[in-house]
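Asker: Let me begin by handing over the structure; questions about it come next.
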Amino acid sequence: MLRLECAIQTYAWGKTGLASAVAQLKQEGENNFRADDKTRYAELWMGTHPSGPSYVVFGEDDKKVHLKDYLKAHPRALGSEPSAEGDLPFMFKVLSISKALSIQAHPDKRLAEQLHASRPQVYKDGNHKPEMAISLTDFEALCGFRPLKELAAHLVMYPELGALVGMEEQALLEKVAGEEAEEEEQRKALKAVFSSYMHASEERTTEQVAALAARLKVKEEKGGASDLDRLILRLLGHFPGDCGVFGPMFLNYVRLGPGKAFVMEANEPHAYLSGDILECMACSDNVVRVGLTPKYRDVPTLLGMLSYASGPMTVTEGEVLREEAGKEHRRFNPGDGIPEFEVETIKLEGGGGAGEGGDGGGSFTWEKWDGPSLLLVLEGEGVGEEFTEGMEKKVEDGKEVLMSKEKGDKVSLRKGQVFFVPANTSLVLTGKEGGAPLRLTIAHSNLRGRR
């Protein structure tokens, strides 16, 4: 295990000071960082991305080596993920969100290559960017198009939106909103309605945004505002006059408690609204934006790339790999076709003797992975012991446990620390006796996604 020093990003939508999980983790995990109360800490980046690379920290003098350079010099650490440039195939982040990120989508690989070739100054690489969000705190997001019946109802409930969409397109949507309609017909109708809204004139959009704001403010003052109304008013406060305030009428409004997750595949619209999350993704910068942002908006590209699938968002709590007294292990897999990443979470109650590399008491054995991994300590303290020659089953005190064939180093763990785990390295993790639960998350490539 190699301790890492990781980059943080300060964006306008981030949380301030130690209200941000990003700042909390950075301050508790690194001795030389102190959060500023007025700075908005938005993202913690873990990986080899050139805009925020991680560094391997060696020895008491904290000598630093770029993780990418270390991997180029030690290719065996990548296992079956060889990279001549020393890059990880995924990027791992913590996001702390106080106000909405832009309404956006990420291109698939084919489109990303085309965009990068034609406009490299905007789309800076040729990779796709599927991503997974796992909530650490209460989390809000807009994800994917709503069921068409809900959208059809919103065109009536919000006449300002209806005024931006052509009557012909509205009639087409109403016709196919039922479940009996063919899926392709539904997608065409949704594309027609969304395109009509996005192509509305600036003058007409400004007029309808103002009308929407005035009407919902009166509704709220009278105590009749719905949750969706209040969300729209919040967005109007953050992005006055922005056409993206109509986004919640089109997209699923998802509110998740801690430990819930979803996957955003290529060509699906979304906007994260508030909360603290883990985010793992293929390593790319490609974002196509259309609303709730002062940045460049590429409406034609987004309208052409979306899948126009509709329906409720799929939310998961992960696959339970192990759950017993004092131990919980879950896997969040993005599915077939996304080989770049998957994420695991581990929770251990403090203490307990494990014996020689065993898996008893408060210890947990994380078995080796044939690829590079990044480990983040989310809470608590403990010890991680590595074994590079694998594990084998033995019987100890009448119980079958995993034992190491050859021991490695022991590393102290505490909240906020980040480690690189080389390929084919098993870990025995132990929480601190009498301490808070040890909670960790580990990101690595999705070997199952290659099949």
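Residues are named by chain letter and number: chains run A, B, ... in the order of the structure tokens, numbers start at 1 in each chain, and ligands are numbered from 1 in the order shown.
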Which residues are close to Lys432 of chain A, i.e. within 12 Å by only C-alpha atoms, leaving aside same-chain residues fewer than 6 positions away? Reply as a ChimeraX atom specification.

Answerer: /A:348-353,361-363,379-384,412-415,438-439

Asker: List every residue of segment 138-259 of chain A that DSSP, applied to the backbone of this structure, places in alpha helix (DSSP H), and write the result as JSON, numbers by chain.

Answerer: {"A": [148, 149, 150, 151, 152, 153, 154, 155, 156, 157, 159, 160, 161, 162, 167, 168, 169, 170, 171, 172, 173, 174, 175, 176, 183, 184, 185, 186, 187, 188, 189, 190, 191, 192, 193, 194, 195, 196, 197, 198, 202, 203, 204, 205, 206, 207, 208, 209, 210, 211, 212, 213, 214, 215, 216, 217, 218, 219, 220, 221, 227, 228, 229, 230, 231, 232, 233, 234, 235, 236, 237, 238, 247, 248, 249, 250]}

Asker: Could you make a table, as a tab-separated table, of the residues of segment 45-129 of chain A that have an atom within 9 Å of an atom of segment 236-255 of chain A, each with its nearest atom pair and distance in Å to one decimal, counting only C-alpha atoms, in chain and number order?

Answerer:
residue	atom	partner	partner_atom	distance
A:Lys99	CA	A:His238	CA	7.4
A:Ala100	CA	A:His238	CA	8.2
A:Ser102	CA	A:Gly244	CA	8.3
A:Ile103	CA	A:Gly244	CA	7.1

Asker: Mind dumping the selected residues with N, CA and C atoms as a short mmCIF file (atom, residue, chain, number, x, y, z; two decimals), in the first residue's frame?

Answerer:
data_model
loop_
_atom_site.label_atom_id
_atom_site.label_comp_id
_atom_site.auth_asym_id
_atom_site.auth_seq_id
_atom_site.Cartn_x
_atom_site.Cartn_y
_atom_site.Cartn_z
N LYS A 99 -24.80 23.59 -4.58
CA LYS A 99 -25.81 24.01 -5.55
C LYS A 99 -25.58 23.25 -6.85
N ALA A 100 -26.57 23.29 -7.72
CA ALA A 100 -26.61 22.37 -8.86
C ALA A 100 -25.41 22.49 -9.78
N SER A 102 -24.25 21.58 -13.75
CA SER A 102 -24.98 21.81 -14.99
C SER A 102 -25.79 20.59 -15.41
N ILE A 103 -26.86 20.83 -16.19
CA ILE A 103 -27.55 19.76 -16.89
C ILE A 103 -26.64 19.33 -18.02
#

Asker: When DSSP works through the backbone of this structure, what residues of segment 161-384 of chain A end up as strand (DSSP E), shown as a count of residues only?

Answerer: 61

Asker: How many Å separate atom CA of Val287 of chain A from atom CA of Leu161 of chain A?

Answerer: 25.5 Å

Asker: With a distance cut-off of 8 Å and only C-alpha atoms, select the neighbouring residues of segment 49-58 of chain A, excluding the residue or stretch itself and same-chain residues fewer than 5 positions from it, and output the selection as number ranges by chain.

Answerer: A: 2-8, 63-68, 70, 87, 91, 283

Asker: Write a file of the selected residues as a short mmCIF file (atom, residue, chain, number, x, y, z; two decimals), in the first residue's frame, keeping C-alpha atoms.

Answerer:
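See out_17.cif below for the written result:
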data_model
loop_
_atom_site.label_atom_id
_atom_site.label_comp_id
_atom_site.auth_asym_id
_atom_site.auth_seq_id
_atom_site.Cartn_x
_atom_site.Cartn_y
_atom_site.Cartn_z
CA LEU A 2 1.33 3.38 -1.00
CA ARG A 3 0.05 6.53 0.69
CA LEU A 4 -1.16 9.19 -1.75
CA GLU A 5 -1.49 12.94 -1.63
CA CYS A 6 -4.49 13.90 -3.75
CA ALA A 7 -5.68 17.05 -5.47
CA ILE A 8 -8.73 19.06 -4.52
CA LYS A 63 9.20 12.72 -0.62
CA LYS A 64 6.64 12.81 -3.46
CA VAL A 65 6.54 11.00 -6.78
CA HIS A 66 3.81 11.44 -9.37
CA LEU A 67 1.63 8.29 -9.25
CA LYS A 68 1.78 8.10 -13.04
CA TYR A 70 5.62 5.46 -10.29
CA ASP A 87 -2.46 5.85 -16.44
CA MET A 91 -10.88 8.19 -11.81
CA CYS A 283 -10.99 8.76 -17.09
#

Asker: Expressed in Å to a single decimal, how great is the separation between atom CA of Leu374 of chain A and atom CA of Gly416 of chain A?

Answerer: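 Computing it gives 12.6 Å between the two atoms.
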
Asker: Got a sec: who's within 12 Å of Leu155 of chain A, counting only C-alpha atoms, leaving out chain neighbours fewer than 5 positions off, as a PDB file with C-alpha atoms, in the first residue's frame?

Answerer:
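Output below, filename result-v8.pdb:
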ATOM      1  CA  LEU A 148     -43.660  10.085 -20.386  1.00  0.00           C
ATOM      2  CA  LYS A 149     -46.955  10.244 -18.493  1.00  0.00           C
ATOM      3  CA  GLU A 150     -45.295  12.458 -15.872  1.00  0.00           C
ATOM      4  CA  GLU A 160     -44.885  28.085 -18.889  1.00  0.00           C
ATOM      5  CA  LEU A 161     -43.250  24.891 -20.127  1.00  0.00           C
ATOM      6  CA  GLY A 162     -46.215  24.202 -22.397  1.00  0.00           C
ATOM      7  CA  ALA A 163     -45.730  27.649 -23.936  1.00  0.00           C
ATOM      8  CA  LEU A 164     -42.185  26.672 -24.989  1.00  0.00           C
ATOM      9  CA  VAL A 165     -43.169  23.375 -26.639  1.00  0.00           C
ATOM     10  CA  GLY A 166     -45.030  23.233 -29.945  1.00  0.00           C
ATOM     11  CA  MET A 167     -48.632  22.005 -29.938  1.00  0.00           C
ATOM     12  CA  GLU A 169     -45.046  17.943 -30.336  1.00  0.00           C
ATOM     13  CA  GLN A 170     -47.287  17.982 -27.256  1.00  0.00           C
ATOM     14  CA  ALA A 171     -50.003  16.087 -29.093  1.00  0.00           C
ATOM     15  CA  LEU A 173     -46.242  12.974 -26.698  1.00  0.00           C
ATOM     16  CA  GLU A 174     -49.767  12.603 -25.366  1.00  0.00           C
ATOM     17  CA  VAL A 193     -40.694  17.687 -27.223  1.00  0.00           C
ATOM     18  CA  PHE A 194     -37.251  18.191 -25.650  1.00  0.00           C
ATOM     19  CA  TYR A 197     -38.144  23.289 -25.668  1.00  0.00           C
ATOM     20  CA  PHE A 246     -37.371  23.674 -16.522  1.00  0.00           C
ATOM     21  CA  MET A 249     -40.006  18.853 -15.220  1.00  0.00           C
ATOM     22  CA  PHE A 250     -38.243  16.596 -17.734  1.00  0.00           C
TER      23      PHE A 250
END

Asker: By how many Å are atom CA of Arg215 of chain A and atom CA of Pro159 of chain A apart?

Answerer: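 Computing it gives 10.4 Å between the two atoms.
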